[in-house]
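Engineer: The following file, run_21.cif, comprises mmCIF, N, CA and C atoms:
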data_coords
loop_
_atom_site.label_atom_id
_atom_site.label_comp_id
_atom_site.auth_asym_id
_atom_site.auth_seq_id
_atom_site.Cartn_x
_atom_site.Cartn_y
_atom_site.Cartn_z
N MET A 1 112.88 270.92 86.14
CA MET A 1 111.56 270.51 86.58
C MET A 1 111.65 270.10 88.04
N SER A 2 110.81 270.67 88.85
CA SER A 2 110.79 270.28 90.25
C SER A 2 109.40 269.81 90.61
N GLU A 3 109.31 269.13 91.75
CA GLU A 3 108.02 268.63 92.19
C GLU A 3 107.69 269.23 93.53
N SER A 4 106.42 269.55 93.72
CA SER A 4 105.96 270.09 94.98
C SER A 4 104.61 269.49 95.30
N MET A 5 104.51 268.82 96.42
CA MET A 5 103.26 268.21 96.84
C MET A 5 102.67 267.33 95.74
N GLY A 6 103.51 266.58 95.03
CA GLY A 6 103.03 265.63 94.03
C GLY A 6 102.74 266.22 92.67
N GLU A 7 102.91 267.52 92.48
CA GLU A 7 102.62 268.12 91.19
C GLU A 7 103.86 268.81 90.64
N VAL A 8 103.93 268.89 89.31
CA VAL A 8 105.05 269.54 88.66
C VAL A 8 104.87 271.05 88.82
N ASP A 9 105.92 271.71 89.31
CA ASP A 9 105.87 273.16 89.51
C ASP A 9 106.18 273.89 88.21
N GLY A 10 105.76 275.11 88.15
CA GLY A 10 106.18 275.99 87.08
C GLY A 10 105.41 275.80 85.79
N LYS A 11 105.69 276.72 84.91
CA LYS A 11 105.05 276.76 83.61
C LYS A 11 106.16 276.93 82.59
N ALA A 12 106.19 276.08 81.59
CA ALA A 12 107.23 276.18 80.57
C ALA A 12 107.12 277.53 79.86
N ASP A 13 108.26 278.09 79.48
CA ASP A 13 108.32 279.38 78.81
C ASP A 13 107.50 279.36 77.53
N VAL A 14 106.58 280.32 77.40
CA VAL A 14 105.69 280.38 76.24
C VAL A 14 106.48 280.56 74.95
N GLY A 15 107.49 281.41 74.96
CA GLY A 15 108.31 281.61 73.77
C GLY A 15 108.97 280.33 73.30
N LYS A 16 109.50 279.55 74.25
CA LYS A 16 110.12 278.26 73.90
C LYS A 16 109.08 277.31 73.31
N ARG A 17 107.88 277.32 73.88
CA ARG A 17 106.82 276.44 73.38
C ARG A 17 106.44 276.82 71.95
N ILE A 18 106.35 278.11 71.67
CA ILE A 18 105.97 278.55 70.32
C ILE A 18 107.04 278.15 69.32
N VAL A 19 108.31 278.36 69.66
CA VAL A 19 109.40 277.98 68.75
C VAL A 19 109.40 276.46 68.55
N ALA A 20 109.15 275.69 69.60
CA ALA A 20 109.11 274.23 69.50
C ALA A 20 108.00 273.78 68.56
N VAL A 21 106.84 274.41 68.64
CA VAL A 21 105.72 274.06 67.75
C VAL A 21 106.07 274.40 66.31
N ILE A 22 106.74 275.53 66.10
CA ILE A 22 107.14 275.91 64.74
C ILE A 22 108.13 274.89 64.18
N ILE A 23 109.09 274.48 64.98
CA ILE A 23 110.06 273.47 64.53
C ILE A 23 109.34 272.17 64.18
N ASP A 24 108.42 271.74 65.04
CA ASP A 24 107.67 270.51 64.78
C ASP A 24 106.82 270.62 63.52
N ALA A 25 106.15 271.77 63.34
CA ALA A 25 105.31 271.97 62.16
C ALA A 25 106.14 271.96 60.87
N ILE A 26 107.30 272.60 60.92
CA ILE A 26 108.17 272.61 59.74
C ILE A 26 108.65 271.19 59.42
N SER A 27 109.00 270.42 60.45
CA SER A 27 109.49 269.05 60.19
C SER A 27 108.40 268.19 59.56
N VAL A 28 107.16 268.30 60.05
CA VAL A 28 106.05 267.52 59.47
C VAL A 28 105.73 268.04 58.07
N GLY A 29 105.74 269.35 57.89
CA GLY A 29 105.46 269.92 56.59
C GLY A 29 106.47 269.49 55.53
N LEU A 30 107.76 269.51 55.89
CA LEU A 30 108.79 269.07 54.94
C LEU A 30 108.65 267.60 54.60
N LEU A 31 108.37 266.78 55.61
CA LEU A 31 108.17 265.35 55.36
C LEU A 31 106.98 265.13 54.43
N SER A 32 105.89 265.84 54.66
CA SER A 32 104.70 265.71 53.82
C SER A 32 104.97 266.14 52.39
N MET A 33 105.71 267.23 52.21
CA MET A 33 106.01 267.71 50.86
C MET A 33 106.90 266.72 50.10
N VAL A 34 107.92 266.20 50.77
CA VAL A 34 108.82 265.24 50.12
C VAL A 34 108.06 263.97 49.75
N LEU A 35 107.28 263.45 50.70
CA LEU A 35 106.50 262.24 50.42
C LEU A 35 105.46 262.49 49.34
N GLY A 36 104.83 263.67 49.38
CA GLY A 36 103.82 264.00 48.38
C GLY A 36 104.40 264.05 46.97
N ALA A 37 105.59 264.63 46.84
CA ALA A 37 106.23 264.72 45.54
C ALA A 37 106.67 263.35 45.04
N ALA A 38 107.08 262.49 45.97
CA ALA A 38 107.61 261.18 45.58
C ALA A 38 106.52 260.12 45.40
N LEU A 39 105.48 260.18 46.23
CA LEU A 39 104.52 259.07 46.27
C LEU A 39 103.08 259.44 45.94
N GLY A 40 102.79 260.70 45.83
CA GLY A 40 101.40 261.14 45.64
C GLY A 40 100.82 261.54 46.99
N TRP A 41 99.80 262.40 46.94
CA TRP A 41 99.31 263.02 48.16
C TRP A 41 98.53 262.10 49.07
N VAL A 42 97.82 261.14 48.51
CA VAL A 42 97.04 260.24 49.37
C VAL A 42 97.96 259.37 50.21
N LEU A 43 98.93 258.74 49.57
CA LEU A 43 99.88 257.91 50.30
C LEU A 43 100.74 258.77 51.24
N ALA A 44 101.10 259.95 50.77
CA ALA A 44 101.90 260.86 51.61
C ALA A 44 101.12 261.25 52.87
N PHE A 45 99.82 261.50 52.74
CA PHE A 45 99.01 261.84 53.91
C PHE A 45 99.00 260.69 54.90
N ALA A 46 98.80 259.48 54.41
CA ALA A 46 98.76 258.31 55.30
C ALA A 46 100.10 258.11 56.00
N LEU A 47 101.20 258.18 55.24
CA LEU A 47 102.53 257.97 55.83
C LEU A 47 102.92 259.12 56.77
N SER A 48 102.60 260.35 56.39
CA SER A 48 102.90 261.50 57.25
C SER A 48 102.11 261.42 58.55
N SER A 49 100.85 261.02 58.46
CA SER A 49 100.02 260.88 59.66
C SER A 49 100.59 259.81 60.59
N ALA A 50 100.97 258.68 60.01
CA ALA A 50 101.55 257.60 60.82
C ALA A 50 102.86 258.06 61.46
N ALA A 51 103.71 258.73 60.69
CA ALA A 51 104.98 259.22 61.23
C ALA A 51 104.74 260.25 62.33
N ALA A 52 103.78 261.14 62.13
CA ALA A 52 103.48 262.17 63.14
C ALA A 52 102.95 261.53 64.43
N LEU A 53 102.08 260.55 64.30
CA LEU A 53 101.56 259.88 65.50
C LEU A 53 102.68 259.13 66.22
N TYR A 54 103.62 258.59 65.47
CA TYR A 54 104.75 257.92 66.11
C TYR A 54 105.63 258.94 66.86
N VAL A 55 106.06 259.98 66.13
CA VAL A 55 107.00 260.96 66.72
C VAL A 55 106.35 261.77 67.83
N PHE A 56 105.12 262.25 67.59
CA PHE A 56 104.47 263.14 68.55
C PHE A 56 103.59 262.39 69.55
N GLY A 57 103.46 261.09 69.39
CA GLY A 57 102.67 260.29 70.31
C GLY A 57 103.51 259.23 71.01
N TRP A 58 103.82 258.17 70.27
CA TRP A 58 104.55 257.03 70.84
C TRP A 58 105.91 257.46 71.39
N ARG A 59 106.74 258.08 70.54
CA ARG A 59 108.08 258.48 70.95
C ARG A 59 108.04 259.55 72.04
N MET A 60 107.09 260.50 71.91
CA MET A 60 106.97 261.54 72.93
C MET A 60 106.59 260.93 74.28
N GLY A 61 105.74 259.91 74.27
CA GLY A 61 105.38 259.24 75.51
C GLY A 61 106.56 258.54 76.15
N GLU A 62 107.47 258.01 75.32
CA GLU A 62 108.66 257.32 75.81
C GLU A 62 109.75 258.26 76.29
N THR A 63 109.95 259.38 75.56
CA THR A 63 111.07 260.28 75.85
C THR A 63 110.65 261.60 76.49
N GLY A 64 109.37 261.94 76.36
CA GLY A 64 108.89 263.22 76.86
C GLY A 64 109.13 264.38 75.91
N THR A 65 109.72 264.10 74.74
CA THR A 65 110.05 265.19 73.83
C THR A 65 109.56 264.93 72.41
N THR A 66 109.36 266.01 71.70
CA THR A 66 109.22 266.01 70.25
C THR A 66 110.52 266.63 69.73
N PRO A 67 110.78 266.59 68.44
CA PRO A 67 112.01 267.23 67.97
C PRO A 67 112.12 268.70 68.40
N GLY A 68 111.05 269.46 68.26
CA GLY A 68 111.08 270.86 68.64
C GLY A 68 111.25 271.07 70.14
N LYS A 69 110.56 270.28 70.93
CA LYS A 69 110.68 270.42 72.39
C LYS A 69 112.06 269.99 72.87
N GLN A 70 112.65 269.00 72.22
CA GLN A 70 114.00 268.58 72.58
C GLN A 70 115.00 269.70 72.31
N ILE A 71 114.89 270.32 71.15
CA ILE A 71 115.78 271.42 70.79
C ILE A 71 115.61 272.60 71.75
N MET A 72 114.37 272.86 72.17
CA MET A 72 114.08 274.02 73.02
C MET A 72 114.19 273.72 74.51
N GLY A 73 114.55 272.50 74.88
CA GLY A 73 114.74 272.16 76.28
C GLY A 73 113.45 272.02 77.07
N LEU A 74 112.43 271.46 76.42
CA LEU A 74 111.14 271.24 77.06
C LEU A 74 110.84 269.74 77.10
N LYS A 75 109.92 269.38 77.99
CA LYS A 75 109.55 267.98 78.14
C LYS A 75 108.07 267.90 78.49
N ILE A 76 107.38 266.90 77.96
CA ILE A 76 105.97 266.66 78.28
C ILE A 76 105.93 265.50 79.27
N VAL A 77 105.35 265.78 80.45
CA VAL A 77 105.35 264.79 81.52
C VAL A 77 103.96 264.72 82.17
N ASP A 78 103.80 263.73 83.04
CA ASP A 78 102.58 263.60 83.83
C ASP A 78 102.46 264.83 84.74
N ALA A 79 101.30 265.46 84.74
CA ALA A 79 101.11 266.71 85.50
C ALA A 79 101.18 266.48 87.01
N SER A 80 100.90 265.28 87.47
CA SER A 80 100.90 265.02 88.91
C SER A 80 102.23 264.50 89.43
N THR A 81 102.88 263.65 88.63
CA THR A 81 104.08 262.98 89.12
C THR A 81 105.38 263.49 88.51
N GLY A 82 105.31 264.11 87.35
CA GLY A 82 106.52 264.53 86.66
C GLY A 82 107.19 263.40 85.88
N GLN A 83 106.56 262.22 85.88
CA GLN A 83 107.10 261.07 85.15
C GLN A 83 106.68 261.13 83.68
N LEU A 84 107.36 260.37 82.84
CA LEU A 84 107.00 260.28 81.43
C LEU A 84 105.59 259.71 81.29
N LEU A 85 104.92 260.06 80.20
CA LEU A 85 103.53 259.64 80.01
C LEU A 85 103.41 258.17 79.61
N GLY A 86 104.37 257.65 78.89
CA GLY A 86 104.26 256.31 78.34
C GLY A 86 103.57 256.36 76.98
N ASN A 87 103.67 255.25 76.26
CA ASN A 87 103.19 255.20 74.87
C ASN A 87 101.70 255.49 74.73
N GLN A 88 100.88 254.84 75.55
CA GLN A 88 99.43 254.97 75.39
C GLN A 88 98.96 256.41 75.61
N ARG A 89 99.40 257.03 76.69
CA ARG A 89 98.98 258.41 76.95
C ARG A 89 99.61 259.39 75.96
N GLY A 90 100.82 259.09 75.51
CA GLY A 90 101.44 259.91 74.47
C GLY A 90 100.62 259.89 73.19
N LEU A 91 100.16 258.69 72.81
CA LEU A 91 99.32 258.56 71.61
C LEU A 91 97.96 259.23 71.82
N GLN A 92 97.41 259.14 73.02
CA GLN A 92 96.14 259.81 73.30
C GLN A 92 96.28 261.32 73.12
N ARG A 93 97.34 261.87 73.67
CA ARG A 93 97.57 263.33 73.58
C ARG A 93 97.73 263.74 72.11
N ALA A 94 98.59 263.03 71.40
CA ALA A 94 98.83 263.35 69.99
C ALA A 94 97.56 263.16 69.17
N GLY A 95 96.82 262.10 69.46
CA GLY A 95 95.59 261.82 68.72
C GLY A 95 94.55 262.90 68.90
N LEU A 96 94.39 263.39 70.13
CA LEU A 96 93.43 264.47 70.37
C LEU A 96 93.80 265.73 69.59
N ILE A 97 95.07 266.08 69.62
CA ILE A 97 95.53 267.27 68.90
C ILE A 97 95.40 267.07 67.39
N TRP A 98 95.72 265.87 66.90
CA TRP A 98 95.64 265.56 65.47
C TRP A 98 94.20 265.62 64.99
N VAL A 99 93.27 265.06 65.76
CA VAL A 99 91.86 265.07 65.37
C VAL A 99 91.34 266.51 65.29
N LEU A 100 91.68 267.34 66.27
CA LEU A 100 91.25 268.75 66.22
C LEU A 100 91.78 269.43 64.96
N GLY A 101 93.04 269.19 64.65
CA GLY A 101 93.63 269.82 63.47
C GLY A 101 93.05 269.29 62.18
N LEU A 102 92.88 267.98 62.06
CA LEU A 102 92.35 267.38 60.84
C LEU A 102 90.90 267.75 60.62
N ALA A 103 90.10 267.70 61.67
CA ALA A 103 88.68 268.02 61.55
C ALA A 103 88.47 269.47 61.11
N GLY A 104 89.44 270.32 61.41
CA GLY A 104 89.36 271.71 61.00
C GLY A 104 89.39 271.91 59.49
N SER A 105 89.77 270.89 58.75
CA SER A 105 89.86 271.02 57.29
C SER A 105 88.57 270.64 56.57
N PHE A 106 87.56 270.16 57.29
CA PHE A 106 86.30 269.75 56.66
C PHE A 106 85.35 270.94 56.55
N PRO A 107 84.56 270.97 55.47
CA PRO A 107 83.58 272.06 55.33
C PRO A 107 82.57 272.05 56.49
N PHE A 108 82.07 273.18 56.82
CA PHE A 108 81.05 273.42 57.84
C PHE A 108 81.53 273.09 59.25
N ILE A 109 81.75 271.80 59.57
CA ILE A 109 82.19 271.45 60.92
C ILE A 109 83.63 271.89 61.16
N GLY A 110 84.35 272.14 60.07
CA GLY A 110 85.74 272.56 60.18
C GLY A 110 85.90 273.85 60.97
N LEU A 111 84.98 274.77 60.79
CA LEU A 111 85.04 276.03 61.53
C LEU A 111 84.93 275.77 63.02
N LEU A 112 84.00 274.91 63.41
CA LEU A 112 83.83 274.57 64.83
C LEU A 112 85.11 273.95 65.39
N PHE A 113 85.67 272.99 64.67
CA PHE A 113 86.88 272.33 65.16
C PHE A 113 88.09 273.27 65.13
N SER A 114 88.14 274.17 64.16
CA SER A 114 89.22 275.16 64.14
C SER A 114 89.12 276.07 65.34
N LEU A 115 87.91 276.47 65.70
CA LEU A 115 87.72 277.30 66.90
C LEU A 115 88.08 276.53 68.16
N LEU A 116 87.74 275.24 68.21
CA LEU A 116 88.13 274.41 69.36
C LEU A 116 89.64 274.30 69.47
N ALA A 117 90.32 274.10 68.33
CA ALA A 117 91.78 274.01 68.34
C ALA A 117 92.40 275.33 68.78
N LEU A 118 91.85 276.45 68.30
CA LEU A 118 92.34 277.76 68.72
C LEU A 118 92.11 277.96 70.22
N GLY A 119 90.94 277.56 70.69
CA GLY A 119 90.64 277.65 72.13
C GLY A 119 91.60 276.82 72.95
N ASP A 120 91.97 275.64 72.44
CA ASP A 120 92.92 274.76 73.12
C ASP A 120 94.27 275.46 73.30
N ILE A 121 94.68 276.19 72.29
CA ILE A 121 95.96 276.92 72.35
C ILE A 121 95.84 278.12 73.29
N ILE A 122 94.74 278.84 73.20
CA ILE A 122 94.56 280.02 74.05
C ILE A 122 94.53 279.61 75.52
N VAL A 123 93.88 278.51 75.82
CA VAL A 123 93.83 278.02 77.21
C VAL A 123 95.25 277.80 77.74
N ALA A 124 96.13 277.25 76.91
CA ALA A 124 97.51 277.01 77.35
C ALA A 124 98.22 278.32 77.68
N LEU A 125 97.86 279.38 77.00
CA LEU A 125 98.51 280.67 77.22
C LEU A 125 98.03 281.34 78.51
N ILE A 126 96.80 281.07 78.91
CA ILE A 126 96.25 281.75 80.08
C ILE A 126 96.13 280.85 81.32
N ASP A 127 96.30 279.55 81.14
CA ASP A 127 96.20 278.62 82.27
C ASP A 127 97.40 278.81 83.21
N ASP A 128 97.16 278.71 84.51
CA ASP A 128 98.23 278.89 85.51
C ASP A 128 99.40 277.93 85.29
N ARG A 129 99.10 276.71 84.83
CA ARG A 129 100.15 275.71 84.61
C ARG A 129 100.52 275.56 83.14
N GLY A 130 99.89 276.33 82.27
CA GLY A 130 100.20 276.27 80.85
C GLY A 130 99.64 275.03 80.17
N GLN A 131 98.58 274.46 80.72
CA GLN A 131 98.01 273.24 80.15
C GLN A 131 96.93 273.57 79.13
N ARG A 132 96.98 272.86 78.00
CA ARG A 132 95.90 272.90 77.03
C ARG A 132 94.77 272.02 77.56
N TYR A 133 93.58 272.13 76.97
CA TYR A 133 92.51 271.20 77.35
C TYR A 133 92.94 269.77 77.07
N THR A 134 93.63 269.56 75.95
CA THR A 134 94.10 268.21 75.63
C THR A 134 95.08 267.71 76.70
N ASP A 135 95.89 268.60 77.26
CA ASP A 135 96.78 268.22 78.36
C ASP A 135 95.97 267.85 79.60
N LYS A 136 94.93 268.62 79.88
CA LYS A 136 94.11 268.35 81.05
C LYS A 136 93.39 267.00 80.92
N ILE A 137 92.93 266.68 79.72
CA ILE A 137 92.25 265.40 79.48
C ILE A 137 93.19 264.24 79.72
N VAL A 138 94.42 264.34 79.22
CA VAL A 138 95.40 263.26 79.32
C VAL A 138 96.16 263.31 80.65
N GLY A 139 96.16 264.47 81.30
CA GLY A 139 96.89 264.63 82.57
C GLY A 139 98.36 264.92 82.36
N SER A 140 98.66 265.68 81.30
CA SER A 140 100.07 266.01 80.99
C SER A 140 100.32 267.49 81.16
N ILE A 141 101.60 267.84 81.16
CA ILE A 141 102.01 269.24 81.25
C ILE A 141 103.34 269.38 80.52
N VAL A 142 103.53 270.52 79.88
CA VAL A 142 104.82 270.83 79.25
C VAL A 142 105.66 271.56 80.29
N ALA A 143 106.84 271.01 80.57
CA ALA A 143 107.72 271.56 81.61
C ALA A 143 109.11 271.79 81.03
N ASN A 144 109.90 272.57 81.74
CA ASN A 144 111.30 272.73 81.35
C ASN A 144 112.02 271.42 81.63
N ALA A 145 112.86 271.02 80.69
CA ALA A 145 113.58 269.73 80.83
C ALA A 145 114.68 269.83 81.86
#
Rewrite the coordinates I just gave you, this time as structure tokens.

Structural biologist:
Amino acid sequence: MSESMGEVDGKADVGKRIVAVIIDAISVGLLSMVLGAALGWVLAFALSSAAALYVFGWRMGETGTTPGKQIMGLKIVDASTGQLLGNQRGLQRAGLIWVLGLAGSFPFIGLLFSLLALGDIIVALIDDRGQRYTDKIVGSIVANA
């Protein structure tokens, strides 16, 4: 990761980002299945949500990585300074993504939120800096570590 005129240069490799998301999704899915089998689905949903917000929000804000991004050599940082986001902005980023995903499961409005979530991903693929709308709102960027 390099800095130029106060902004993080470059765009993280799309292939690495996709593999990182798959790793993260598998880790959350396995946790949810194990908790669901052991504790029931309602409690498992609550605990999985809390764990996901911690790992993908709080911890990501502190370290710049999720498990998948760490394995793939990526880091989420402030788009202007290249510094770590910190806990609050990490939770904001994770919360925005979580709300889009969760709202997609509701009847009627779910289609709208699913389309918004898909649009958020498509924007990252075509944006010059690889930023999702959620990244633009929080001021973050996924960069090579």

Engineer: The PyMOL selection byres ((chain A and resi 70-78) around 5) - which residues does that actually catch in the file I just gave you? List them as a PDB file with N, CA and C atoms, in the frame of the given file.

Structural biologist:
ATOM      1  N   GLY A  64     109.370 261.940  76.360  1.00  0.00           N
ATOM      2  CA  GLY A  64     108.890 263.220  76.860  1.00  0.00           C
ATOM      3  C   GLY A  64     109.130 264.380  75.910  1.00  0.00           C
ATOM      4  N   THR A  65     109.720 264.100  74.740  1.00  0.00           N
ATOM      5  CA  THR A  65     110.050 265.190  73.830  1.00  0.00           C
ATOM      6  C   THR A  65     109.560 264.930  72.410  1.00  0.00           C
ATOM      7  N   THR A  66     109.360 266.010  71.700  1.00  0.00           N
ATOM      8  CA  THR A  66     109.220 266.010  70.250  1.00  0.00           C
ATOM      9  C   THR A  66     110.520 266.630  69.730  1.00  0.00           C
ATOM     10  N   PRO A  67     110.780 266.590  68.440  1.00  0.00           N
ATOM     11  CA  PRO A  67     112.010 267.230  67.970  1.00  0.00           C
ATOM     12  C   PRO A  67     112.120 268.700  68.400  1.00  0.00           C
ATOM     13  N   GLY A  68     111.050 269.460  68.260  1.00  0.00           N
ATOM     14  CA  GLY A  68     111.080 270.860  68.640  1.00  0.00           C
ATOM     15  C   GLY A  68     111.250 271.070  70.140  1.00  0.00           C
ATOM     16  N   LYS A  69     110.560 270.280  70.930  1.00  0.00           N
ATOM     17  CA  LYS A  69     110.680 270.420  72.390  1.00  0.00           C
ATOM     18  C   LYS A  69     112.060 269.990  72.870  1.00  0.00           C
ATOM     19  N   ALA A  79     101.300 265.460  84.740  1.00  0.00           N
ATOM     20  CA  ALA A  79     101.110 266.710  85.500  1.00  0.00           C
ATOM     21  C   ALA A  79     101.180 266.480  87.010  1.00  0.00           C
ATOM     22  N   SER A  80     100.900 265.280  87.470  1.00  0.00           N
ATOM     23  CA  SER A  80     100.900 265.020  88.910  1.00  0.00           C
ATOM     24  C   SER A  80     102.230 264.500  89.430  1.00  0.00           C
ATOM     25  N   THR A  81     102.880 263.650  88.630  1.00  0.00           N
ATOM     26  CA  THR A  81     104.080 262.980  89.120  1.00  0.00           C
ATOM     27  C   THR A  81     105.380 263.490  88.510  1.00  0.00           C
ATOM     28  N   GLY A  82     105.310 264.110  87.350  1.00  0.00           N
ATOM     29  CA  GLY A  82     106.520 264.530  86.660  1.00  0.00           C
ATOM     30  C   GLY A  82     107.190 263.400  85.880  1.00  0.00           C
ATOM     31  N   GLN A  83     106.560 262.220  85.880  1.00  0.00           N
ATOM     32  CA  GLN A  83     107.100 261.070  85.150  1.00  0.00           C
ATOM     33  C   GLN A  83     106.680 261.130  83.680  1.00  0.00           C
ATOM     34  N   LEU A  84     107.360 260.370  82.840  1.00  0.00           N
ATOM     35  CA  LEU A  84     107.000 260.280  81.430  1.00  0.00           C
ATOM     36  C   LEU A  84     105.590 259.710  81.290  1.00  0.00           C
ATOM     37  N   LEU A  85     104.920 260.060  80.200  1.00  0.00           N
ATOM     38  CA  LEU A  85     103.530 259.640  80.010  1.00  0.00           C
ATOM     39  C   LEU A  85     103.410 258.170  79.610  1.00  0.00           C
ATOM     40  N   GLY A 139      96.160 264.470  81.300  1.00  0.00           N
ATOM     41  CA  GLY A 139      96.890 264.630  82.570  1.00  0.00           C
ATOM     42  C   GLY A 139      98.360 264.920  82.360  1.00  0.00           C
ATOM     43  N   SER A 140      98.660 265.680  81.300  1.00  0.00           N
ATOM     44  CA  SER A 140     100.070 266.010  80.990  1.00  0.00           C
ATOM     45  C   SER A 140     100.320 267.490  81.160  1.00  0.00           C
ATOM     46  N   ILE A 141     101.600 267.840  81.160  1.00  0.00           N
ATOM     47  CA  ILE A 141     102.010 269.240  81.250  1.00  0.00           C
ATOM     48  C   ILE A 141     103.340 269.380  80.520  1.00  0.00           C
ATOM     49  N   VAL A 142     103.530 270.520  79.880  1.00  0.00           N
ATOM     50  CA  VAL A 142     104.820 270.830  79.250  1.00  0.00           C
ATOM     51  C   VAL A 142     105.660 271.560  80.290  1.00  0.00           C
ATOM     52  N   ALA A 143     106.840 271.010  80.570  1.00  0.00           N
ATOM     53  CA  ALA A 143     107.720 271.560  81.610  1.00  0.00           C
ATOM     54  C   ALA A 143     109.110 271.790  81.030  1.00  0.00           C
ATOM     55  N   ASN A 144     109.900 272.570  81.740  1.00  0.00           N
ATOM     56  CA  ASN A 144     111.300 272.730  81.350  1.00  0.00           C
ATOM     57  C   ASN A 144     112.020 271.420  81.630  1.00  0.00           C
ATOM     58  N   ALA A 145     112.860 271.020  80.690  1.00  0.00           N
ATOM     59  CA  ALA A 145     113.580 269.730  80.830  1.00  0.00           C
ATOM     60  C   ALA A 145     114.680 269.830  81.860  1.00  0.00           C
TER      61      ALA A 145
END

Engineer: Do you have the CA of Gly15 (chain A)-CA of Tyr133 (chain A) distance handy?

Structural biologist: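 It comes out at 19.3 Å.
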
Engineer: Starting from 5 Å padding per side, set up an axis-aligned box that covers all listed atoms of region 11-16 of chain A and hand over centre and edge lengths in Å, one decimal, as JSON.

Structural biologist:
{"center_x": 107.6, "center_y": 278.8, "center_z": 79.1, "size_x": 15.1, "size_y": 15.5, "size_z": 21.6}

Engineer: Quick one, how far is CA of Met33 (chain A) from atom C of Ala46 (chain A)?

Structural biologist: 12.4 Å

Engineer: Contacts of region 53-58 of chain A at 6 Å or less, counting only C-alpha atoms, minus same-chain residues fewer than 4 places along, as a compact mmCIF listing (two decimals) with N, CA and C atoms, in the frame of the given file?

Structural biologist:
# COMPACT_ATOMS: atom_id res chain seq x y z
N THR A 66 109.36 266.01 71.70
CA THR A 66 109.22 266.01 70.25
C THR A 66 110.52 266.63 69.73
N ASN A 87 103.67 255.25 76.26
CA ASN A 87 103.19 255.20 74.87
C ASN A 87 101.70 255.49 74.73
N GLY A 90 100.82 259.09 75.51
CA GLY A 90 101.44 259.91 74.47
C GLY A 90 100.62 259.89 73.19
N LEU A 91 100.16 258.69 72.81
CA LEU A 91 99.32 258.56 71.61
C LEU A 91 97.96 259.23 71.82
N ALA A 94 98.59 263.03 71.40
CA ALA A 94 98.83 263.35 69.99
C ALA A 94 97.56 263.16 69.17
